[in-house]
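Source file: structure21.txt; contents: compact mmCIF, C-alpha atoms.
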# COMPACT_ATOMS: atom_id res chain seq x y z
CA MET J 282 55.02 40.06 -31.12
CA GLU J 283 54.92 42.54 -33.98
CA ALA J 284 51.84 44.56 -34.79
CA ILE J 285 49.02 43.19 -36.92
CA PRO J 286 46.97 45.91 -38.67
CA ILE J 287 43.74 46.61 -36.78
CA SER J 288 41.75 46.69 -40.02
CA TRP J 289 42.31 42.94 -40.53
CA PHE J 290 40.49 42.20 -37.29
CA LEU J 291 37.69 44.59 -38.20
CA VAL J 292 37.13 43.04 -41.62
CA LEU J 293 36.98 39.61 -39.97
CA SER J 294 34.52 41.00 -37.44
CA ALA J 295 32.37 42.42 -40.25
CA PHE J 296 32.39 39.04 -41.97
CA MET J 297 31.28 37.23 -38.79
CA PHE J 298 28.51 39.78 -38.24
CA ALA J 299 27.30 39.41 -41.84
CA MET J 300 27.20 35.62 -41.46
CA GLY J 301 25.19 36.03 -38.24
CA VAL J 302 22.64 38.28 -39.92
CA THR J 303 22.39 35.88 -42.86
CA GLY J 304 21.73 32.97 -40.51
CA VAL J 305 19.04 34.84 -38.59
CA VAL J 306 17.25 35.72 -41.82
CA ILE J 307 17.43 32.43 -43.72
CA ARG J 308 17.32 29.71 -41.04
CA ARG J 309 14.03 28.40 -39.64
CA ASN J 310 15.40 26.57 -36.60
CA PRO J 311 15.31 28.87 -33.53
CA ILE J 312 18.33 27.17 -31.94
CA VAL J 313 20.43 27.88 -35.03
CA ILE J 314 19.09 31.44 -34.99
CA PHE J 315 20.36 31.75 -31.40
CA MET J 316 23.76 30.46 -32.50
CA CYS J 317 23.85 33.12 -35.20
CA ILE J 318 23.04 35.77 -32.57
CA GLU J 319 26.03 34.47 -30.59
CA LEU J 320 28.09 34.84 -33.77
CA MET J 321 27.04 38.49 -34.03
CA LEU J 322 27.82 39.17 -30.35
CA ASN J 323 31.29 37.65 -30.83
CA ALA J 324 31.83 39.82 -33.89
CA ALA J 325 31.03 42.83 -31.71
CA ASN J 326 33.47 41.58 -29.07
CA LEU J 327 36.24 41.24 -31.64
CA ALA J 328 35.55 44.77 -32.88
CA PHE J 329 35.64 46.07 -29.28
CA LEU J 330 39.03 44.49 -28.63
CA ALA J 331 40.43 45.63 -31.98
CA PHE J 332 39.29 49.22 -31.47
CA ALA J 333 40.67 49.15 -27.94
CA ARG J 334 44.13 48.55 -29.42
CA GLN J 335 43.73 51.78 -31.40
CA GLN J 336 43.44 53.90 -28.25
CA ALA J 337 46.47 55.74 -26.90
CA GLN J 338 45.49 55.84 -23.21
CA LEU J 339 45.75 52.81 -20.97
CA GLY J 340 42.27 53.35 -19.47
CA ALA J 341 40.62 53.34 -22.88
CA GLN J 342 42.49 50.18 -23.90
CA VAL J 343 41.34 48.27 -20.82
CA ALA J 344 37.81 49.69 -21.25
CA GLY J 345 37.42 47.69 -24.45
CA GLN J 346 38.24 44.49 -22.61
CA VAL J 347 35.86 45.34 -19.75
CA TYR J 348 33.12 45.95 -22.30
CA THR J 349 33.78 42.55 -23.82
CA ILE J 350 33.28 40.88 -20.45
CA LEU J 351 29.99 42.74 -19.95
CA VAL J 352 28.82 41.60 -23.40
CA MET J 353 29.66 38.01 -22.45
CA ALA J 354 27.53 38.28 -19.30
CA VAL J 355 24.61 39.63 -21.33
CA ALA J 356 25.05 36.79 -23.84
CA ALA J 357 25.00 34.17 -21.08
CA ALA J 358 21.78 35.61 -19.63
CA GLU J 359 20.21 35.82 -23.08
CA VAL J 360 21.04 32.19 -23.88
CA ALA J 361 19.66 30.93 -20.57
CA ILE J 362 16.34 32.75 -21.05
CA GLY J 363 16.10 32.10 -24.79
CA LEU J 364 16.66 28.35 -24.57
CA GLY J 365 14.18 28.26 -21.68
CA ILE J 366 11.61 29.94 -23.92
CA ILE J 367 12.35 27.46 -26.73
CA VAL J 368 11.87 24.48 -24.40
CA ALA J 369 8.63 25.98 -23.06
CA ILE J 370 7.29 26.55 -26.59
CA TYR J 371 8.23 23.00 -27.56
CA ARG J 372 6.30 21.63 -24.59
CA LEU J 373 3.31 23.82 -25.42
CA ARG J 374 3.08 23.28 -29.19
CA ASP J 375 5.23 20.21 -29.98
CA THR J 376 7.13 22.14 -32.66
CA ILE J 377 9.73 24.89 -32.67
CA ASN J 378 9.51 25.95 -36.30
CA VAL J 379 9.63 29.74 -36.24
CA ASP J 380 7.13 29.94 -39.10
CA GLU J 381 4.48 28.41 -36.84
CA MET J 382 5.14 30.72 -33.90
CA ASN J 383 2.61 33.43 -34.72
CA LEU J 384 0.85 34.03 -31.40
CA LEU J 385 2.43 37.46 -31.05
CA LYS J 386 2.03 38.39 -34.69
CA PHE J 387 -0.33 41.29 -35.31
CA MET W 267 55.71 37.44 -39.00
CA PHE W 268 54.66 34.66 -36.66
CA GLY W 269 51.70 36.70 -35.43
CA GLN W 270 50.54 37.43 -38.96
CA ILE W 271 50.73 33.77 -40.00
CA LEU W 272 48.79 32.81 -36.87
CA PHE W 273 46.21 35.46 -37.67
CA GLY W 274 45.88 34.10 -41.21
CA ILE W 275 45.29 30.53 -40.03
CA MET W 276 42.78 31.55 -37.38
CA ALA W 277 40.98 33.92 -39.76
CA LEU W 278 40.63 31.05 -42.24
CA VAL W 279 39.19 28.83 -39.48
CA ILE W 280 36.77 31.58 -38.46
CA VAL W 281 35.60 32.23 -42.03
CA VAL W 282 35.02 28.52 -42.73
CA THR W 283 33.24 27.81 -39.45
CA SER W 284 31.10 30.98 -39.68
CA ILE W 285 29.82 29.84 -43.05
CA GLY W 286 29.42 26.35 -41.58
CA VAL W 287 27.16 27.57 -38.76
CA VAL W 288 24.78 29.10 -41.28
CA ALA W 289 24.97 26.62 -44.15
CA VAL W 290 25.03 23.21 -42.43
CA ARG W 291 21.59 21.65 -42.08
CA ASN W 292 22.18 19.60 -38.94
CA PRO W 293 21.96 21.81 -35.79
CA VAL W 294 24.47 19.64 -33.91
CA ARG W 295 27.06 20.28 -36.63
CA SER W 296 26.19 23.98 -36.52
CA ALA W 297 26.97 23.93 -32.80
CA LEU W 298 30.28 22.15 -33.33
CA ASN W 299 31.24 24.68 -36.00
CA LEU W 300 30.46 27.43 -33.50
CA VAL W 301 32.71 25.80 -30.87
CA ALA W 302 35.62 25.74 -33.33
CA ASN W 303 34.84 29.36 -34.19
CA PHE W 304 35.02 30.38 -30.53
CA PHE W 305 38.35 28.62 -29.99
CA ALA W 306 39.90 30.36 -33.01
CA LEU W 307 38.47 33.64 -31.72
CA ALA W 308 40.16 33.07 -28.37
CA VAL W 309 43.53 32.81 -30.17
CA LEU W 310 42.80 36.12 -31.91
CA TYR W 311 42.04 37.68 -28.51
CA LEU W 312 45.51 36.58 -27.39
CA LEU W 313 46.97 38.36 -30.41
CA LEU W 314 45.13 41.51 -29.24
CA TYR W 315 46.78 41.31 -25.77
CA ALA W 316 43.50 40.26 -24.13
CA GLN W 317 44.65 37.22 -22.16
CA PHE W 318 41.88 37.26 -19.55
CA VAL W 319 39.15 37.73 -22.15
CA ALA W 320 40.60 34.82 -24.15
CA ALA W 321 40.41 32.55 -21.10
CA VAL W 322 36.84 33.69 -20.38
CA GLN W 323 35.96 33.08 -24.03
CA VAL W 324 37.08 29.45 -23.80
CA ILE W 325 35.52 28.81 -20.38
CA VAL W 326 32.22 30.66 -20.72
CA TYR W 327 31.44 30.51 -24.44
CA ALA W 328 33.05 27.29 -25.64
CA GLY W 329 32.47 25.61 -22.28
CA ALA W 330 29.22 26.74 -20.71
CA ILE W 331 27.09 28.32 -23.42
CA MET W 332 27.77 25.74 -26.12
CA VAL W 333 27.06 22.89 -23.69
CA LEU W 334 23.73 24.58 -23.00
CA PHE W 335 23.02 24.69 -26.74
CA LEU W 336 23.95 21.04 -27.28
CA PHE W 337 21.96 20.03 -24.19
CA THR W 338 18.85 21.74 -25.56
CA ILE W 339 19.31 20.15 -29.00
CA MET W 340 19.55 16.70 -27.38
CA LEU W 341 16.63 17.44 -25.03
CA LEU W 342 14.31 18.46 -27.85
CA ASN W 343 15.58 15.63 -30.07
CA LEU W 344 16.44 17.98 -32.93
CA GLY W 345 19.52 16.04 -34.02
CA ALA W 346 17.71 14.70 -37.05
CA PRO W 347 17.59 17.43 -39.71
CA ALA W 348 14.31 16.09 -41.09
CA GLU W 349 12.53 17.33 -37.96
CA LEU W 350 12.41 20.85 -39.33
CA ALA W 351 11.78 21.28 -43.02
CA GLU W 352 13.74 24.27 -44.27
CA ARG W 353 11.99 25.56 -47.33
CA PHE W 354 13.91 27.13 -50.14
CA GLU W 355 12.87 30.72 -50.40
CA TRP W 356 13.54 33.64 -52.66
CA LYS W 357 15.07 35.62 -49.83
CA ARG W 358 17.98 33.20 -49.40
CA PRO W 359 20.20 34.29 -52.36
CA ILE W 360 19.29 37.92 -51.74
CA THR W 361 20.45 37.62 -48.12
CA TRP W 362 23.78 36.05 -49.11
CA GLY W 363 24.30 38.81 -51.66
CA LEU W 364 23.50 41.57 -49.17
CA ALA W 365 25.85 40.02 -46.60
CA LEU W 366 28.65 39.95 -49.16
CA LEU W 367 27.93 43.57 -50.08
CA PHE W 368 28.00 44.54 -46.38
CA VAL W 369 31.44 42.97 -45.92
CA ILE W 370 32.83 44.59 -49.07
CA VAL W 371 31.56 48.05 -48.15
CA LEU W 372 32.83 47.82 -44.57
CA ALA W 373 36.19 46.43 -45.70
CA GLY W 374 36.62 49.27 -48.15
CA GLY W 375 35.85 51.86 -45.49
CA VAL W 376 38.06 50.24 -42.87
CA PHE W 377 41.13 49.63 -45.01
CA ALA W 378 41.22 53.24 -46.11
CA ARG W 379 41.29 54.76 -42.63
CA LEU W 380 42.81 52.60 -39.92
CA GLY W 381 46.51 52.10 -39.31
CA GLU W 382 48.70 50.11 -36.98
CA ALA W 383 47.88 49.20 -33.39
CA GLN W 384 49.08 51.52 -30.65
CA PRO W 385 51.91 50.31 -28.41
CA ALA W 386 50.60 48.75 -25.23
CA PRO W 387 52.17 47.30 -22.10
CA GLU W 388 52.38 43.52 -22.11
CA ASP W 389 50.21 43.12 -18.99
CA ILE W 390 47.24 45.08 -20.33
CA GLY W 391 44.92 42.08 -20.53
CA THR W 392 45.83 40.34 -17.29
CA VAL W 393 43.30 39.59 -14.55
CA GLN W 394 44.97 42.23 -12.38
CA MET W 395 44.62 45.07 -14.89
CA VAL W 396 41.10 44.19 -16.08
CA GLY W 397 39.95 43.64 -12.49
CA LYS W 398 41.34 46.97 -11.37
CA TYR W 399 39.36 48.86 -13.99
CA LEU W 400 36.29 46.64 -13.60
CA PHE W 401 36.01 47.48 -9.90
CA THR W 402 36.91 51.18 -10.11
CA ASP W 403 35.84 52.92 -13.32
CA TRP W 404 33.29 50.32 -14.36
CA VAL W 405 31.81 49.28 -11.02
CA TYR W 406 28.24 50.47 -11.77
CA PRO W 407 27.93 48.52 -15.06
CA PHE W 408 29.44 45.54 -13.25
CA GLU W 409 26.81 45.69 -10.49
CA LEU W 410 24.06 46.14 -13.07
CA THR W 411 25.35 42.97 -14.75
CA SER W 412 24.83 41.06 -11.52
CA VAL W 413 21.22 42.32 -11.40
CA LEU W 414 20.80 41.18 -15.01
CA LEU W 415 22.08 37.71 -14.15
CA LEU W 416 19.67 37.55 -11.20
CA ILE W 417 16.79 38.41 -13.55
CA ALA W 418 18.02 35.70 -15.91
CA ILE W 419 18.02 33.12 -13.11
CA VAL W 420 14.49 34.02 -12.03
CA GLY W 421 13.30 34.04 -15.63
CA ALA W 422 14.81 30.64 -16.36
CA ILE W 423 13.04 29.16 -13.32
CA VAL W 424 9.72 30.71 -14.38
CA MET W 425 10.20 29.32 -17.91
CA ALA W 426 10.92 25.85 -16.52
CA LYS W 427 7.67 25.67 -14.52
CA ARG W 428 5.29 22.96 -15.60
CA ARG W 429 2.31 25.23 -16.13
CA LEU W 430 3.07 28.68 -17.52

Give the structure from the file, written as structure tokens.
Amino acid sequence: MEAIPISWFLVLSAFMFAMGVTGVVIRRNPIVIFMCIELMLNAANLAFLAFARQQAQLGAQVAGQVYTILVMAVAAAEVAIGLGIIVAIYRLRDTINVDEMNLLKF
Amino acid sequence: MFGQILFGIMALVIVVTSIGVVAVRNPVRSALNLVANFFALAVLYLLLYAQFVAAVQVIVYAGAIMVLFLFTIMLLNLGAPAELAERFEWKRPITWGLALLFVIVLAGGVFARLGEAQPAPEDIGTVQMVGKYLFTDWVYPFELTSVLLLIAIVGAIVMAKRRL
């Protein structure tokens, strides 16, 4: 398989990250906000793997892939806790609109 | 040439589904867009010689995490988009514009500086190679990850209790 320029992957990663940030800012549904956070984490994973292909040493190349796996574990933990919090809030307040979640707002 | 055509197709899928996750009103359709996005991303991981990570992407992300999302949407009965009124706000066009600017600036910086990928052995992304480094150089972060997952399990059980 011939080489694809690394910058293509990084531009795609930047686009995914920008879409994730946009979703977090403009959406009001916390589940969709979580999906956009997943989008940003995957953009970071793609950037990790793309930058790993830029390294000359074998150890540094595999390190990018190991990092990706660690990010996936963190994402799984975050989703489990976050969706648990959403369900708990829904049971407590009967709504999950983020505009009405202001208990922690100063 | 084949790799570049494959990259083009998958990049198109990723761009369309990324916009779909943000712009579609129904959360179930957002989730399905995200699943398609993750599958296309797994193909890109294969192009980057990351075979094991691609398999984990399909199994963990597209399999486990997205099922969790869909399960929560069904559980809370959020399939109907009228449940949550999304107001039109002034910050919406500004956010789209800033996101576009972010991509343009980063693309300009990246295209000017980065070149071709380094040569790599074919087996760089196999389970054997990743596992070897995961359990030698990266064993402390790996063990910390297990502690993190334990905390997540305990936290999920606490969140699921009837009275908080």

* Residues of chain W within 7 Å of chain J, counting all atoms listed in the file, as an NGL selection string -> :W and (269-270 or 277 or 284-285 or 288 or 293 or 314 or 316 or 319 or 331 or 350 or 352 or 358 or 361-362 or 365 or 368-369 or 372-373 or 376-377 or 380-384 or 390 or 396 or 400 or 411 or 415 or 418 or 421-422 or 425-426)

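Picture a line from atom CA of W:Leu313 to atom CA of W:Ser296; it runs 26.0 Å.
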
* Excluding W:Leu298 and residues on its chain fewer than 6 positions from it, collect all residues at most 9 Å away from it, counting only C-alpha atoms, and give them as a VMD selection string. => chain W and resid 283 287 332 336

* Pick out the residues sitting within 12 Å of W:Phe305, and hand them over as a PyMOL selection string; count all atoms listed in the file, and ignore anything fewer than 3 positions along from it in its own chain. => (chain J and resi 323) or (chain W and resi 276-277+279-280+283+298-302+308-312+320-329+332)

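You will find atom CA of W:Phe318 at 14.6 Å from atom CA of W:Pro387.
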
* **Two-atom distance - atom CA of W:Gly286, atom CA of W:Ala306 (Å)** => 14.1 Å
